[in-house]
Amino acid sequence: MRNLKKIGLGLLAASALAASAPAAAQLQAWEDFTPQETVIELTYVKVDEGQLPYYLEGLQQTWVKANEVAKELGQITDYGIYTVPYGANEVNLVLRINYPNMASLDPDKAEYDKFMEAWGSANMESSNETVRELYNKIRKIKGTYILREIRLND
């Protein structure tokens, strides 16, 4: 019985040592890795069967045009649309927007006013109508995620 207790305590001590080893090997920000300024927003979408061409047509008239305006104003650096050809079938389209930094996501009236001046209230109302009348009937937003790249230093 005593030997079993010793073996058990030994195993417990070895487990604790093994669990603490990764903590001792923690990397340091800016020394071992560098967080990048660019922030990427990914929106995962499930478009109904057979509706992808209609959704893409709508995106071309709304989302793409609005992103072009934001890009010209320097509010975003890039954007993209990706299909998901295989997987668990939870999503079949991903929308990507690259922002220069996290501050670009903060509310900013001056930037909003610049965008609205370039985009126009007519385009905004048309886009909102497309969302209400088309998008909400043929797709579901499954999630939106914000990513920041980490580059490991040499």
# chains A, B, ... in the order shown; residues from 1 in each chain; ligands from 1
$ closest_atom_pairs --of "segment 17-77 of chain A" --to "segment 93-117 of chain A" --cutoff "7 Å" --atoms "only C-alpha atoms" --output "JSON lines"
{"residue": "A:Glu37", "atom": "CA", "partner": "A:Asn101", "partner_atom": "CA", "distance": 4.9}
{"residue": "A:Thr38", "atom": "CA", "partner": "A:Asn101", "partner_atom": "CA", "distance": 4.7}
{"residue": "A:Val39", "atom": "CA", "partner": "A:Tyr99", "partner_atom": "CA", "distance": 5.2}
{"residue": "A:Ile40", "atom": "CA", "partner": "A:Asn98", "partner_atom": "CA", "distance": 4.5}
{"residue": "A:Glu41", "atom": "CA", "partner": "A:Ile97", "partner_atom": "CA", "distance": 5.2}
{"residue": "A:Leu42", "atom": "CA", "partner": "A:Arg96", "partner_atom": "CA", "distance": 4.7}
{"residue": "A:Thr43", "atom": "CA", "partner": "A:Leu95", "partner_atom": "CA", "distance": 5.1}
{"residue": "A:Tyr44", "atom": "CA", "partner": "A:Val94", "partner_atom": "CA", "distance": 4.7}
{"residue": "A:Val45", "atom": "CA", "partner": "A:Leu93", "partner_atom": "CA", "distance": 5.2}
{"residue": "A:Lys46", "atom": "CA", "partner": "A:Leu93", "partner_atom": "CA", "distance": 6.4}
{"residue": "A:Ala70", "atom": "CA", "partner": "A:Phe115", "partner_atom": "CA", "distance": 6.6}
{"residue": "A:Gln75", "atom": "CA", "partner": "A:Ser104", "partner_atom": "CA", "distance": 6.7}
{"residue": "A:Ile76", "atom": "CA", "partner": "A:Tyr99", "partner_atom": "CA", "distance": 4.5}
{"residue": "A:Thr77", "atom": "CA", "partner": "A:Asn98", "partner_atom": "CA", "distance": 5.5}
$ residues_around --residues "segment 55-62 of chain A" --least-positions-apart "6" --cutoff "8 Å" --atoms "only C-alpha atoms" --output "JSON list (two decimals) with N, CA and C atoms, in the first residue's frame"
[["chain", "number", "residue", "atom", "x", "y", "z"],
["A", 47, "VAL", "N", -25.24, 30.58, -47.62],
["A", 47, "VAL", "CA", -26.18, 31.00, -48.66],
["A", 47, "VAL", "C", -27.03, 29.78, -49.03],
["A", 123, "ASN", "N", -27.23, 55.44, -52.16],
["A", 123, "ASN", "CA", -26.58, 54.12, -52.17],
["A", 123, "ASN", "C", -26.82, 53.40, -50.86],
["A", 127, "SER", "N", -28.68, 49.88, -50.56],
["A", 127, "SER", "CA", -28.01, 48.74, -49.92],
["A", 127, "SER", "C", -28.86, 48.17, -48.80],
["A", 130, "THR", "N", -31.64, 46.16, -50.27],
["A", 130, "THR", "CA", -31.16, 44.87, -50.76],
["A", 130, "THR", "C", -31.00, 43.88, -49.61],
["A", 134, "LEU", "N", -33.54, 40.95, -50.09],
["A", 134, "LEU", "CA", -32.90, 39.80, -50.72],
["A", 134, "LEU", "C", -32.06, 39.01, -49.73],
["A", 135, "TYR", "N", -31.04, 39.66, -49.17],
["A", 135, "TYR", "CA", -30.07, 38.95, -48.33],
["A", 135, "TYR", "C", -30.73, 38.21, -47.18],
["A", 138, "ILE", "N", -32.15, 34.83, -48.31],
["A", 138, "ILE", "CA", -31.38, 33.76, -48.96],
["A", 138, "ILE", "C", -30.07, 33.41, -48.24]]
$ atom_distance --atom1 "atom CA of Ala122 of chain A" --atom2 "atom CA of Pro53 of chain A"
24.2 Å
$ residues_around --residues "Gln36 of chain A" --least-positions-apart "2" --cutoff "8 Å" --atoms "only C-alpha atoms" --output "list in words"
Thr34, Thr38, Val39, Arg148, Glu149, Ile150 and Arg151 of chain A
$ write_last_selection --atoms "N, CA and C atoms" --output "PDB file, in the first residue's frame"
ATOM      1  N   THR A  34       5.855  39.051 -33.221  1.00  0.00           N
ATOM      2  CA  THR A  34       5.406  40.427 -33.410  1.00  0.00           C
ATOM      3  C   THR A  34       3.949  40.433 -33.861  1.00  0.00           C
ATOM      4  N   THR A  38      -2.257  45.152 -39.025  1.00  0.00           N
ATOM      5  CA  THR A  38      -3.428  44.863 -39.851  1.00  0.00           C
ATOM      6  C   THR A  38      -4.398  43.960 -39.108  1.00  0.00           C
ATOM      7  N   VAL A  39      -5.669  44.293 -39.210  1.00  0.00           N
ATOM      8  CA  VAL A  39      -6.733  43.506 -38.597  1.00  0.00           C
ATOM      9  C   VAL A  39      -7.626  42.999 -39.729  1.00  0.00           C
ATOM     10  N   ARG A 148      -5.926  39.003 -35.957  1.00  0.00           N
ATOM     11  CA  ARG A 148      -4.684  39.775 -36.040  1.00  0.00           C
ATOM     12  C   ARG A 148      -3.565  38.759 -36.201  1.00  0.00           C
ATOM     13  N   GLU A 149      -2.781  38.929 -37.247  1.00  0.00           N
ATOM     14  CA  GLU A 149      -1.675  38.010 -37.508  1.00  0.00           C
ATOM     15  C   GLU A 149      -0.572  38.183 -36.464  1.00  0.00           C
ATOM     16  N   ILE A 150       0.046  37.067 -36.138  1.00  0.00           N
ATOM     17  CA  ILE A 150       1.234  37.063 -35.289  1.00  0.00           C
ATOM     18  C   ILE A 150       2.361  36.470 -36.119  1.00  0.00           C
ATOM     19  N   ARG A 151       3.447  37.194 -36.251  1.00  0.00           N
ATOM     20  CA  ARG A 151       4.615  36.681 -36.968  1.00  0.00           C
ATOM     21  C   ARG A 151       5.684  36.285 -35.962  1.00  0.00           C
TER      22      ARG A 151
END
$ select_by_dssp --residues "segment 3-125 of chain A" --states "strand (DSSP E)" --output "PyMOL selection string"
chain A and resi 33-47+78-83+93-99
$ write_last_selection --atoms "C-alpha atoms" --output "PDB file, in the first residue's frame"
ATOM      1  CA  PHE A  33       6.855  37.227 -32.003  1.00  0.00           C
ATOM      2  CA  THR A  34       5.406  40.427 -33.410  1.00  0.00           C
ATOM      3  CA  PRO A  35       1.655  41.151 -33.494  1.00  0.00           C
ATOM      4  CA  GLN A  36       0.872  42.801 -36.825  1.00  0.00           C
ATOM      5  CA  GLU A  37      -1.111  46.033 -37.080  1.00  0.00           C
ATOM      6  CA  THR A  38      -3.428  44.863 -39.851  1.00  0.00           C
ATOM      7  CA  VAL A  39      -6.733  43.506 -38.597  1.00  0.00           C
ATOM      8  CA  ILE A  40      -8.791  41.111 -40.715  1.00  0.00           C
ATOM      9  CA  GLU A  41     -12.546  40.716 -40.358  1.00  0.00           C
ATOM     10  CA  LEU A  42     -13.995  37.425 -41.591  1.00  0.00           C
ATOM     11  CA  THR A  43     -17.741  36.976 -41.946  1.00  0.00           C
ATOM     12  CA  TYR A  44     -18.961  33.413 -42.417  1.00  0.00           C
ATOM     13  CA  VAL A  45     -22.137  33.109 -44.498  1.00  0.00           C
ATOM     14  CA  LYS A  46     -24.454  30.234 -45.364  1.00  0.00           C
ATOM     15  CA  VAL A  47     -26.183  31.000 -48.664  1.00  0.00           C
ATOM     16  CA  ASP A  78      -8.348  45.182 -49.027  1.00  0.00           C
ATOM     17  CA  TYR A  79     -11.350  42.862 -49.172  1.00  0.00           C
ATOM     18  CA  GLY A  80     -12.293  39.554 -50.754  1.00  0.00           C
ATOM     19  CA  ILE A  81     -15.015  36.985 -51.285  1.00  0.00           C
ATOM     20  CA  TYR A  82     -14.255  33.273 -50.906  1.00  0.00           C
ATOM     21  CA  THR A  83     -16.350  30.202 -51.599  1.00  0.00           C
ATOM     22  CA  LEU A  93     -19.037  31.820 -48.407  1.00  0.00           C
ATOM     23  CA  VAL A  94     -16.544  33.942 -46.467  1.00  0.00           C
ATOM     24  CA  LEU A  95     -16.295  37.728 -46.738  1.00  0.00           C
ATOM     25  CA  ARG A  96     -12.959  39.314 -45.804  1.00  0.00           C
ATOM     26  CA  ILE A  97     -12.119  42.944 -45.020  1.00  0.00           C
ATOM     27  CA  ASN A  98      -8.585  44.073 -44.097  1.00  0.00           C
ATOM     28  CA  TYR A  99      -8.331  47.156 -41.875  1.00  0.00           C
TER      29      TYR A  99
END
$ atom_distance --atom1 "atom CA of Ser126 of chain A" --atom2 "atom CA of Glu90 of chain A"
28.9 Å
$ select_by_dssp --residues "chain A" --states "alpha helix (DSSP H)" --output "ChimeraX atom specification"
/A:2-24,52-61,63-72,109-119,121-130,136-138
$ closest_residue --among "A:Leu152, A:Ala88, A:Ile141, A:Val69" --to "Glu31 of chain A" --atoms "only C-alpha atoms"
A:Leu152
